Every structure is written in C-alpha cells, then in structure tokens.
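data-v4.txt (compact mmCIF, C-alpha atoms)
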# COMPACT_ATOMS: atom_id res chain seq x y z
CA MET A 1 -48.24 8.83 8.51
CA LYS A 2 -47.76 8.91 12.27
CA ARG A 3 -45.53 5.88 11.97
CA THR A 4 -43.21 7.56 9.51
CA ILE A 5 -41.34 9.58 12.12
CA PRO A 6 -40.46 6.67 14.46
CA ILE A 7 -39.48 4.51 11.49
CA THR A 8 -37.32 7.30 10.11
CA ALA A 9 -35.75 7.71 13.53
CA ILE A 10 -35.04 3.99 13.76
CA VAL A 11 -33.50 3.92 10.31
CA LEU A 12 -31.35 6.96 11.10
CA LEU A 13 -30.25 5.57 14.45
CA THR A 14 -29.45 2.21 12.89
CA GLY A 15 -27.39 4.03 10.29
CA VAL A 16 -25.50 5.89 12.99
CA LEU A 17 -24.95 2.65 14.90
CA VAL A 18 -23.61 0.87 11.83
CA TRP A 19 -21.31 3.80 11.14
CA VAL A 20 -20.07 3.83 14.74
CA ILE A 21 -19.40 0.09 14.70
CA TRP A 22 -17.64 -0.05 11.34
CA LEU A 23 -15.90 3.27 11.04
CA TRP A 24 -15.55 4.86 14.42
CA HIS A 25 -13.15 2.44 16.12
CA PRO A 26 -10.13 2.78 13.86
CA VAL A 27 -10.47 6.54 13.87
CA ALA A 28 -10.74 6.54 17.65
CA ASP A 29 -7.45 4.61 17.80
CA GLN A 30 -5.82 7.10 15.52
CA SER A 31 -7.07 10.12 17.43
CA ARG A 32 -5.78 8.53 20.63
CA VAL A 33 -2.32 8.55 19.05
CA GLY A 34 -2.91 12.11 18.01
CA ARG A 35 -3.83 13.13 21.51
CA GLN A 36 -0.73 11.48 22.94
CA LEU A 37 1.38 13.58 20.64
CA GLY A 38 -0.67 16.71 21.04
CA LEU A 39 -2.56 17.65 17.93
CA ALA A 40 -1.44 21.26 18.07
CA ALA A 41 2.23 20.39 18.24
CA PRO A 42 3.89 19.11 15.10
CA PRO A 43 5.78 15.83 15.54
CA PRO A 44 9.31 16.56 16.76
CA GLY A 45 11.18 13.87 14.85
CA GLY A 46 14.39 12.52 16.35
CA ASP A 47 16.83 9.64 16.31
CA PHE A 48 16.01 5.97 16.59
CA THR A 49 17.89 2.71 16.27
CA LEU A 50 16.26 -0.19 14.47
CA ARG A 51 17.53 -3.30 12.70
CA SER A 52 18.27 -3.74 9.03
CA TRP A 53 19.68 -6.87 7.40
CA GLN A 54 23.11 -5.33 8.02
CA GLY A 55 22.51 -5.10 11.78
CA PRO A 56 21.49 -2.22 14.02
CA LEU A 57 20.99 1.05 12.20
CA SER A 58 20.93 4.36 14.02
CA THR A 59 19.72 7.49 12.30
CA LYS A 60 22.45 9.34 14.23
CA ASP A 61 24.97 7.70 11.93
CA LEU A 62 23.25 9.17 8.89
CA ARG A 63 24.01 12.83 9.57
CA GLY A 64 24.96 14.65 6.40
CA LYS A 65 22.29 12.82 4.43
CA VAL A 66 18.72 13.69 3.69
CA LEU A 67 16.51 10.91 5.06
CA LEU A 68 13.13 9.91 3.76
CA ILE A 69 11.37 7.85 6.41
CA TYR A 70 8.23 5.89 5.53
CA PHE A 71 6.29 3.66 7.92
CA GLY A 72 4.51 0.73 6.28
CA TYR A 73 4.50 -3.06 5.88
CA THR A 74 5.32 -5.46 3.09
CA TRP A 75 1.91 -7.16 3.01
CA CYS A 76 0.40 -3.80 2.11
CA PRO A 77 -0.67 -4.44 -1.48
CA ASP A 78 -1.23 -0.93 -2.73
CA ILE A 79 -0.53 2.12 -0.57
CA CYS A 80 3.06 1.25 0.39
CA PRO A 81 4.15 0.03 -3.08
CA THR A 82 2.62 3.15 -4.61
CA ASN A 83 4.60 5.47 -2.35
CA LEU A 84 7.78 3.42 -2.71
CA ALA A 85 7.39 3.53 -6.50
CA LEU A 86 7.00 7.31 -6.39
CA ILE A 87 10.06 7.60 -4.14
CA THR A 88 11.99 5.25 -6.44
CA ASN A 89 11.22 7.41 -9.46
CA ALA A 90 12.38 10.45 -7.48
CA LEU A 91 15.67 8.71 -6.60
CA LYS A 92 16.21 7.85 -10.26
CA ALA A 93 15.88 11.54 -11.13
CA LEU A 94 18.75 12.52 -8.80
CA THR A 95 22.35 12.87 -9.93
CA PRO A 96 24.71 10.17 -8.57
CA ARG A 97 26.23 12.80 -6.31
CA GLU A 98 22.83 13.77 -4.88
CA LEU A 99 21.87 10.13 -4.53
CA GLY A 100 24.95 9.53 -2.39
CA ARG A 101 23.54 11.97 0.14
CA VAL A 102 20.07 10.46 0.38
CA GLN A 103 18.93 7.49 2.41
CA VAL A 104 15.39 6.15 2.38
CA LEU A 105 14.26 4.11 5.39
CA PHE A 106 11.22 1.86 5.06
CA VAL A 107 10.22 1.18 8.68
CA SER A 108 8.02 -1.88 8.97
CA VAL A 109 5.22 -1.52 11.50
CA ASP A 110 4.55 -5.26 11.12
CA PRO A 111 7.66 -6.86 12.69
CA GLN A 112 5.75 -10.13 13.12
CA ARG A 113 5.80 -10.74 9.37
CA ASP A 114 8.63 -8.48 8.27
CA THR A 115 12.03 -9.73 9.33
CA PRO A 116 15.09 -7.65 8.33
CA GLU A 117 15.90 -10.30 5.68
CA ARG A 118 12.39 -10.12 4.26
CA LEU A 119 12.69 -6.33 4.17
CA ARG A 120 16.01 -6.60 2.34
CA GLU A 121 14.36 -8.60 -0.43
CA TYR A 122 11.38 -6.25 -0.55
CA THR A 123 13.21 -2.92 -0.65
CA ALA A 124 15.85 -4.18 -3.11
CA TYR A 125 13.05 -4.59 -5.63
CA PHE A 126 12.49 -0.84 -5.59
CA HIS A 127 15.88 0.87 -5.22
CA PRO A 128 19.26 0.14 -3.59
CA SER A 129 19.02 3.42 -1.64
CA ILE A 130 15.96 2.15 0.24
CA LEU A 131 16.79 0.24 3.40
CA GLY A 132 14.15 -1.73 5.32
CA VAL A 133 14.35 -1.55 9.11
CA THR A 134 12.23 -2.80 11.97
CA GLY A 135 12.54 -3.78 15.61
CA THR A 136 10.61 -4.97 18.61
CA PRO A 137 7.01 -3.72 18.76
CA ALA A 138 8.08 -1.25 21.48
CA GLN A 139 10.98 0.09 19.40
CA VAL A 140 8.78 0.53 16.35
CA THR A 141 6.10 2.29 18.40
CA ALA A 142 8.71 4.66 19.83
CA ALA A 143 10.14 5.49 16.40
CA ALA A 144 6.69 6.05 14.91
CA GLY A 145 5.77 8.25 17.88
CA LEU A 146 8.71 10.57 17.22
CA TYR A 147 7.40 11.31 13.74
CA GLY A 148 3.68 11.24 14.44
CA ALA A 149 3.20 8.13 12.30
CA ALA A 150 0.11 6.22 13.41
CA TYR A 151 -0.64 2.55 12.93
CA HIS A 152 -3.07 0.04 14.29
CA ARG A 153 -3.34 -3.68 13.71
CA ALA A 154 -6.83 -4.49 12.47
CA GLN A 155 -8.01 -8.07 12.81
CA ALA A 156 -9.61 -9.24 9.59
CA ALA A 157 -11.38 -12.48 10.52
CA ASP A 158 -13.47 -12.23 7.35
CA SER A 159 -10.40 -12.09 5.12
CA ALA A 160 -7.65 -14.50 4.12
CA MET A 161 -5.29 -11.66 5.08
CA GLY A 162 -5.74 -12.62 8.76
CA TYR A 163 -4.93 -9.09 9.80
CA THR A 164 -4.10 -5.84 8.10
CA VAL A 165 -2.34 -2.81 9.49
CA ASP A 166 -4.07 0.54 9.29
CA HIS A 167 -1.38 3.12 8.93
CA SER A 168 -0.67 6.71 8.09
CA ALA A 169 1.13 7.05 4.78
CA TYR A 170 3.28 10.15 5.08
CA THR A 171 6.91 10.37 4.08
CA TYR A 172 9.00 12.20 6.68
CA VAL A 173 11.90 14.16 5.25
CA VAL A 174 14.81 14.74 7.61
CA ASP A 175 17.51 17.28 6.82
CA PRO A 176 21.27 16.54 6.94
CA ALA A 177 21.36 17.85 10.54
CA GLY A 178 18.82 15.22 11.65
CA ARG A 179 15.85 17.56 11.96
CA LEU A 180 12.41 16.68 10.64
CA ALA A 181 12.00 19.24 7.86
CA LYS A 182 9.00 18.20 5.77
CA VAL A 183 6.10 15.80 5.82
CA LEU A 184 4.95 14.60 2.39
CA ASP A 185 1.43 13.33 1.86
CA HIS A 186 0.45 9.94 0.47
CA GLY A 187 0.76 9.93 -3.31
CA THR A 188 3.09 12.95 -3.48
CA ASN A 189 4.43 12.88 -7.02
CA SER A 190 8.05 12.21 -7.80
CA ASP A 191 8.83 15.76 -8.94
CA ARG A 192 7.77 17.14 -5.58
CA ILE A 193 9.80 14.50 -3.75
CA VAL A 194 12.85 15.49 -5.82
CA ALA A 195 12.23 19.18 -5.02
CA ALA A 196 11.95 18.40 -1.29
CA ILE A 197 15.23 16.48 -1.33
CA ARG A 198 17.06 19.15 -3.34
CA SER A 199 15.86 21.97 -1.12
CA LEU A 200 17.48 20.23 1.85
CA LEU A 201 20.66 19.20 0.09
CA GLY A 202 21.24 22.83 -0.78
CA GLY A 203 24.06 23.81 -3.13
CA ALA A 204 26.41 21.15 -1.85
CA GLY A 205 24.24 18.41 -3.25
CA VAL A 206 24.12 19.89 -6.70
CA LYS A 207 27.43 21.61 -7.33
CA GLU A 208 30.70 19.84 -7.69
CA GLY A 209 33.17 20.37 -4.92
CA PRO A 210 34.45 18.85 -1.70
CA ILE A 211 31.78 17.55 0.64
CA SER A 212 32.31 16.90 4.30
CA ASP A 213 30.92 13.37 4.31
CA PRO A 214 32.28 11.29 1.47
CA GLN A 215 29.82 8.61 0.53
CA GLY A 216 32.16 5.76 1.39
CA THR A 217 32.53 6.90 4.99
CA MET A 218 28.80 7.28 5.46
CA GLN A 219 28.15 3.81 4.14
CA ARG A 220 30.71 2.27 6.43
CA GLU A 221 29.14 4.05 9.36
CA GLN A 222 25.83 2.40 8.61
CA ARG A 223 27.34 -0.97 9.32
CA PRO A 224 27.78 -2.03 12.92
CA MET B 1 -2.34 -37.70 -9.65
CA LYS B 2 -2.35 -34.35 -7.97
CA ARG B 3 -1.18 -32.65 -11.16
CA VAL B 4 -3.89 -34.33 -13.23
CA ALA B 5 -6.49 -33.21 -10.73
CA THR B 6 -5.14 -29.65 -10.86
CA ILE B 7 -5.19 -29.59 -14.66
CA LEU B 8 -8.69 -31.07 -14.80
CA GLY B 9 -9.79 -28.60 -12.17
CA SER B 10 -8.33 -25.70 -14.14
CA VAL B 11 -9.98 -26.86 -17.36
CA VAL B 12 -13.37 -27.18 -15.69
CA PHE B 13 -12.84 -23.85 -13.96
CA LEU B 14 -11.82 -21.99 -17.11
CA GLY B 15 -14.51 -23.70 -19.16
CA ALA B 16 -17.18 -22.57 -16.73
CA ALA B 17 -15.85 -19.04 -16.73
CA VAL B 18 -15.56 -18.73 -20.49
CA ASN B 19 -19.03 -20.22 -20.96
CA ALA B 20 -20.46 -17.41 -18.91
CA GLY B 21 -19.48 -15.16 -21.80
CA PRO B 22 -17.94 -11.73 -21.51
CA ALA B 23 -21.02 -9.78 -22.49
CA ALA B 24 -23.67 -12.01 -20.92
CA ASN B 25 -24.51 -9.59 -18.15
CA GLY B 26 -23.78 -6.34 -19.95
CA VAL B 27 -20.83 -5.35 -17.80
CA GLU B 28 -17.84 -4.28 -19.84
CA VAL B 29 -14.43 -4.65 -18.25
CA ARG B 30 -11.60 -2.46 -19.47
CA ASP B 31 -7.95 -1.86 -18.57
CA ALA B 32 -7.71 -4.81 -16.21
CA TYR B 33 -4.22 -5.37 -14.85
CA ALA B 34 -2.48 -6.94 -11.89
CA ARG B 35 0.40 -5.40 -10.03
CA ALA B 36 3.79 -7.03 -10.29
CA VAL B 37 5.14 -7.82 -6.85
CA PRO B 38 8.57 -7.89 -5.24
CA PRO B 39 10.11 -11.35 -4.75
CA GLY B 40 8.64 -13.25 -1.82
CA GLN B 41 5.54 -11.10 -1.81
CA SER B 42 2.43 -13.15 -1.11
CA ASN B 43 -0.24 -10.62 -2.05
CA SER B 44 -1.08 -8.37 -4.94
CA ALA B 45 -4.04 -6.47 -6.30
CA MET B 46 -5.95 -6.28 -9.55
CA PHE B 47 -7.45 -3.09 -10.93
CA MET B 48 -9.91 -2.38 -13.77
CA GLN B 49 -12.75 -0.21 -15.04
CA LEU B 50 -16.23 -1.75 -14.92
CA THR B 51 -18.92 -0.19 -17.09
CA ASN B 52 -22.47 -1.40 -16.60
CA ASP B 53 -24.24 -1.02 -19.96
CA SER B 54 -27.02 -3.44 -19.06
CA GLY B 55 -29.67 -0.93 -18.00
CA THR B 56 -30.03 -2.80 -14.71
CA ASP B 57 -28.10 -2.20 -11.50
CA ARG B 58 -25.52 -4.93 -10.95
CA ALA B 59 -23.03 -5.75 -8.26
CA LEU B 60 -19.72 -7.55 -8.06
CA VAL B 61 -19.81 -9.99 -5.13
CA GLY B 62 -16.65 -12.02 -5.51
CA ALA B 63 -13.72 -13.13 -7.62
CA GLU B 64 -11.56 -16.20 -8.18
CA SER B 65 -8.14 -16.59 -9.71
CA PRO B 66 -5.89 -19.58 -10.28
CA VAL B 67 -2.83 -17.48 -9.34
CA CYS B 68 -3.78 -17.14 -5.67
CA LYS B 69 -5.40 -18.95 -2.77
CA ALA B 70 -8.11 -16.33 -2.31
CA ALA B 71 -9.32 -13.34 -4.30
CA GLU B 72 -11.32 -10.82 -2.29
CA LEU B 73 -13.00 -7.49 -2.87
CA HIS B 74 -11.30 -4.79 -0.84
CA THR B 75 -11.45 -1.07 -0.45
CA HIS B 76 -9.31 1.58 1.16
CA ILE B 77 -10.79 4.03 3.59
CA HIS B 78 -8.62 7.12 3.71
CA GLN B 79 -9.57 8.98 6.85
CA GLY B 80 -7.69 11.46 8.96
CA GLY B 81 -4.42 10.48 7.33
CA MET B 82 -4.97 6.78 8.10
CA MET B 83 -5.10 4.19 5.34
CA MET B 84 -7.45 1.41 6.28
CA MET B 85 -7.89 -1.55 4.00
CA ARG B 86 -11.08 -3.52 4.49
CA ARG B 87 -12.73 -6.47 2.84
CA ILE B 88 -16.15 -5.65 1.41
CA ASP B 89 -19.00 -7.96 0.40
CA ARG B 90 -19.95 -6.21 -2.81
CA ILE B 91 -19.09 -3.46 -5.23
CA ASP B 92 -22.23 -1.85 -6.61
CA LEU B 93 -22.29 -1.26 -10.37
CA PRO B 94 -25.15 1.17 -11.04
CA ALA B 95 -26.74 1.00 -14.48
CA GLY B 96 -25.03 3.25 -17.01
CA LYS B 97 -22.10 4.04 -14.72
CA THR B 98 -18.42 3.20 -14.74
CA VAL B 99 -16.83 2.10 -11.48
CA ALA B 100 -13.05 2.28 -11.24
CA LEU B 101 -11.04 -0.24 -9.30
CA GLN B 102 -7.81 1.68 -8.93
CA PRO B 103 -4.83 2.21 -6.63
CA GLY B 104 -5.83 3.83 -3.36
CA GLY B 105 -9.43 2.64 -3.59
CA LEU B 106 -11.44 -0.38 -4.65
CA HIS B 107 -9.45 -3.40 -5.80
CA VAL B 108 -9.52 -7.15 -6.09
CA MET B 109 -7.00 -8.42 -3.59
CA LEU B 110 -5.02 -11.49 -4.64
CA ILE B 111 -4.03 -13.26 -1.43
CA GLY B 112 -1.58 -16.13 -1.11
CA LEU B 113 0.03 -15.93 -4.55
CA LYS B 114 0.98 -19.34 -5.92
CA GLN B 115 3.38 -17.87 -8.46
CA PRO B 116 5.39 -14.69 -8.88
CA LEU B 117 3.59 -12.03 -10.91
CA VAL B 118 6.06 -11.03 -13.60
CA PRO B 119 5.48 -8.05 -15.92
CA GLY B 120 4.40 -9.16 -19.36
CA GLU B 121 2.54 -12.21 -18.10
CA SER B 122 -1.21 -12.31 -17.82
CA VAL B 123 -3.53 -13.09 -14.91
CA ASP B 124 -6.90 -14.80 -15.24
CA LEU B 125 -9.61 -13.52 -12.94
CA THR B 126 -13.22 -14.64 -12.80
CA LEU B 127 -15.59 -11.96 -11.61
CA ILE B 128 -18.71 -13.19 -9.81
CA PHE B 129 -21.81 -10.99 -9.95
CA ALA B 130 -24.80 -10.78 -7.63
CA ASP B 131 -27.05 -12.46 -10.21
CA GLY B 132 -24.74 -15.46 -10.24
CA SER B 133 -23.19 -14.67 -13.61
CA ARG B 134 -19.47 -15.01 -14.07
CA GLN B 135 -17.08 -13.24 -16.34
CA LEU B 136 -13.51 -14.19 -17.15
CA VAL B 137 -11.13 -11.28 -17.28
CA LYS B 138 -7.52 -11.44 -18.46
CA GLY B 139 -5.19 -8.70 -17.38
CA PRO B 140 -1.49 -8.15 -17.92
CA VAL B 141 0.91 -7.93 -15.01
CA ARG B 142 2.21 -4.38 -14.80
CA SER B 143 5.30 -3.15 -13.08
CA ILE B 144 4.78 -1.27 -9.85
CA GLY B 145 7.03 1.49 -11.14
CA MET B 146 4.50 2.43 -13.77
CA PRO B 147 1.20 3.10 -12.07
CA PRO B 148 -1.63 3.48 -14.51
CA MET B 149 -3.94 6.32 -15.26
CA GLY B 150 -5.94 7.42 -12.26
CA GLY B 151 -4.72 9.19 -9.16
CA PHE B 152 -1.00 9.32 -9.67
CA HIS B 153 0.80 11.16 -12.36
CA GLU B 154 4.28 10.04 -12.94
CA PRO B 155 7.01 10.66 -15.43
CA HIS B 156 7.34 7.70 -17.79
Let's see the structure in the file written out as structure tokens.
Amino acid sequence: MKRTIPITAIVLLTGVLVWVIWLWHPVADQSRVGRQLGLAAPPPGGDFTLRSWQGPLSTKDLRGKVLLIYFGYTWCPDICPTNLALITNALKALTPRELGRVQVLFVSVDPQRDTPERLREYTAYFHPSILGVTGTPAQVTAAAGLYGAAYHRAQAADSAMGYTVDHSAYTYVVDPAGRLAKVLDHGTNSDRIVAAIRSLLGGAGVKEGPISDPQGTMQREQRP
Amino acid sequence: MKRVATILGSVVFLGAAVNAGPAANGVEVRDAYARAVPPGQSNSAMFMQLTNDSGTDRALVGAESPVCKAAELHTHIHQGGMMMMRRIDRIDLPAGKTVALQPGGLHVMLIGLKQPLVPGESVDLTLIFADGSRQLVKGPVRSIGMPPMGGFHEPH
C-alpha cells in the first residue's frame, strides 16, 4: 500500500511529461504568435502584396470588393479542402452581380511546395473566384501577422508527408473599404458565409443599378 | 517485366487481403470513401465508420492501398484555433463501439497518389489490425464539394 502513492505519482508525472512533449510545443508556438499580436487586441488586418500566377497581387487594388482571405496549403488533405468547398458552395449561391464583387484569396503558408502555378491549378478546381497567392517566407509571415493567422511547420519524420504545417483555419472577411470586418471559424457553413458576404456588400451588391467599380475594371487592376 | 511484376504483386496483395475476409475479426466497416483531389494533388484521405461487434477490444494499426505510396493513420488536433495533423500509431476500436474516421478528425491519409482520384471510381484499402488480421475495404471516390454526413452540413 505504501508503494501505491509513489507509483501513482510516477505514472501521473510520466503522463504530464508525455503530454508536455507531444502537445505542448505546437501550442507554445501558437501562443508566441498570439503574444506578438497581443491577445487582447483583435488583429488589425491590412494590405499586403503577394504573387499569383498572374503576377504580383496587392489587396489595395481590390477595393470595392469583399475579400475572403484564407491561409492554408495545398498538401493539407482535409481542413483546407473542407473550408474551400464550403466557400465554393457559398460563391455558387451568390448572384452573378454579387459574385463580381467578391474575391477569395487562398494564401499558401507553404511557399516551398506551393508555387503560384501550382496554386492556380489547385484553386481552379474549386471556383474561378478563388485566387491562390504566396510569396517569400517573410512576405507570407507579414501577411499572416496582419490578420492574426498562425502557422508553424511541423517536422514529421515518422510520416511520408515529410512535414506538415500546423495552421489556424479562419476565413478573414474584408469589407469593400479594405477593413477586416469578420473572422469566420473553421467549418462555417455556406449559408453563414453567404450572409457575411451580403452584409458587407450592402444594397449595392443585391439591387440593380450603377456601381462604382465595374467588374471589368477591377479585374484589369488585378493584373500587373 | 516491371508491369508483370506489378500485376503479380497486385494479385498477391489483393488475394491476401480478400482471404482475410471482411468479417473475420468482427469489425464492420461502413460508409468508406476517399476524397477526390484537385489535379496535381499528391495526397488525399479516406474516411469510414468502424463498428467493433467482436466483443473484444481491437485496434487499427495500419493501412495499405495500391493507389498511393504510403497509407498512414492520422488525426487532427484542434487546439486554440490551430489545426495540427499528426500521424498516430493506432486507432483504438473498443468492443461494441463505433469509431468515426471523418473530416476534421481521424482519417487514413493517402500519401503520394499514383493516380488521380476521380469521383465515381473506387479505392481499395487494406486495413491492418493489431491482431495481425487484415480487411479489404472498397470505397468510392467522392467529390470534395459534397462532404458527407458528420460535422458539416451543406446544401446539396
């Protein structure tokens, strides 16, 4: 009986140790990002310039549109395709006029594997209004920092994956004036995505009538 | 020569899997499917429901598929807004319980796809259990745009 307490203590401590080794590190990395941004302060959002297959793309040139910005990577087998599928279904529910005022950006946090050409192929599978962009590791880090998106490359020596990328899976919704307006959780259903887009498009996106940024002009501005 | 070897290998492989018998270990597999992938995509995932009717605790310890270089057991840890995918050694299948491999959680990762996964086609997967038994599972390839039952509710 006397031995029970030390053995229990050893088992408990071993459990804690195992937990610390396997689970604590990635979380520590994430909270470090959180601290840099200030947990109390919501992410500010802001403009960035990254590269698509068309060349440099600056969010400044997308004023007048509602932007959905998602940070992920193409090797992601599940989380990213799930969110992109939900976004795609939301885009399909929009009228052509509304769709002309929406741009989705899939920002790859894995520029080593995801070239702009690779991203073109990947995003085209989902919807033509989704554009894949990426940049140097420093540019991607800066863009993610603006929105509070966190990611961390996790070596996976035990897996044929080689490495995976831990990442937050929020969709950042930017209003036509370029301000971060909403943050949608992972797995947000398509109806709620549609509602978020429509609330920012306001009447102009729904009703017929002249709009200040004809779609053709906006699309030309995207190209360098 | 290479092709003959591949065909022979496949025949031996499939033969071994089928011989194991679907009900040999009392684990029933339902709703197995693989996710269709965008062009050029080298990885996908397979999902299913595993019901252990055997009266004995079982565990899934591995998988093999002719469609990919490696099939691994993976899980997602969803913590503090971070999605972390990790390889795991086993998926416990307690007696009398159903364990769901579904989007956002446990899955069989198909790594290094040798062929595109096109909706309507079917994927062979051999499940390997802790007691050494094997079970061949066939699952259709499903479009990404139509996630299954489980976590996400979508308009069809």
Next on the checklist: Quick one: residues within 10 Å of A:Val194, only C-alpha atoms, excluding same-chain residues fewer than 5 positions away - as number ranges by chain?
Outcome noted: A: 87, 89-94, 189, 199
Item to check | Distance filter 7 Å, all atoms listed in the file, chain B against chain A, as a PyMOL selection string | outcome: chain B and resi 38-39+43-45+70+81-85+87+103-104+111+144-145+152-154
Item to check | Of the listed residues B:Gln115, B:Arg90, B:Ser143, B:Gly105, that which approaches B:Ile77 most closely, counting all atoms listed in the file | outcome: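 Of B:Gln115, B:Arg90, B:Ser143, B:Gly105, the one nearest B:Ile77, counting all atoms listed in the file, is B:Gly105.
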Checklist entry - By how many Å are atom CA of B:Leu125 and atom CA of A:Tyr73 apart? => result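 Going from atom CA of B:Leu125 over to atom CA of A:Tyr73, I get 25.7 Å.
Counting from atom CA of B:Gln135, the distance to atom CA of B:Arg35 is 20.2 Å.
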Item to check | Polymer residues at most 8 Å from stretch 104-111 of chain A, only C-alpha atoms, same-chain spacing of 2 or more positions, as a list in words | outcome: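 What passes the distance filter is Leu67, Leu68, Ile69, Tyr70, Phe71, Gly72, Tyr73, Thr74, Val102, Arg113, Asp114, Thr115, Thr123, Ser129, Ile130, Leu131, Gly132, Val133, Thr134, Gly135, Thr136, Pro137, Val140, Thr141, Tyr151 and Val165 of chain A.
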Checklist entry - From the list A:Val183, A:Ala143, A:Val173, A:Leu119, which residue is nearest A:Gln54 when using all atoms listed in the file? => result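 Residue with the minimum atom-to-atom distance to A:Gln54: A:Leu119.
Picture a line from atom CA of B:Lys138 to atom CA of B:Met48; it runs 10.5 Å.
The smallest atom-to-atom distance between B:Leu117 and any of B:Gly40, B:Pro94, B:Gly26, B:Gly62, using all atoms listed in the file, is found for B:Gly40.
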Next on the checklist: Restricting the calculation to all atoms listed in the file: of A:Leu57, A:Leu50, A:Val66, A:Ile7, which residue gets closest to A:Gly178?
Outcome noted: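 Closest to A:Gly178, using all atoms listed in the file: A:Val66.
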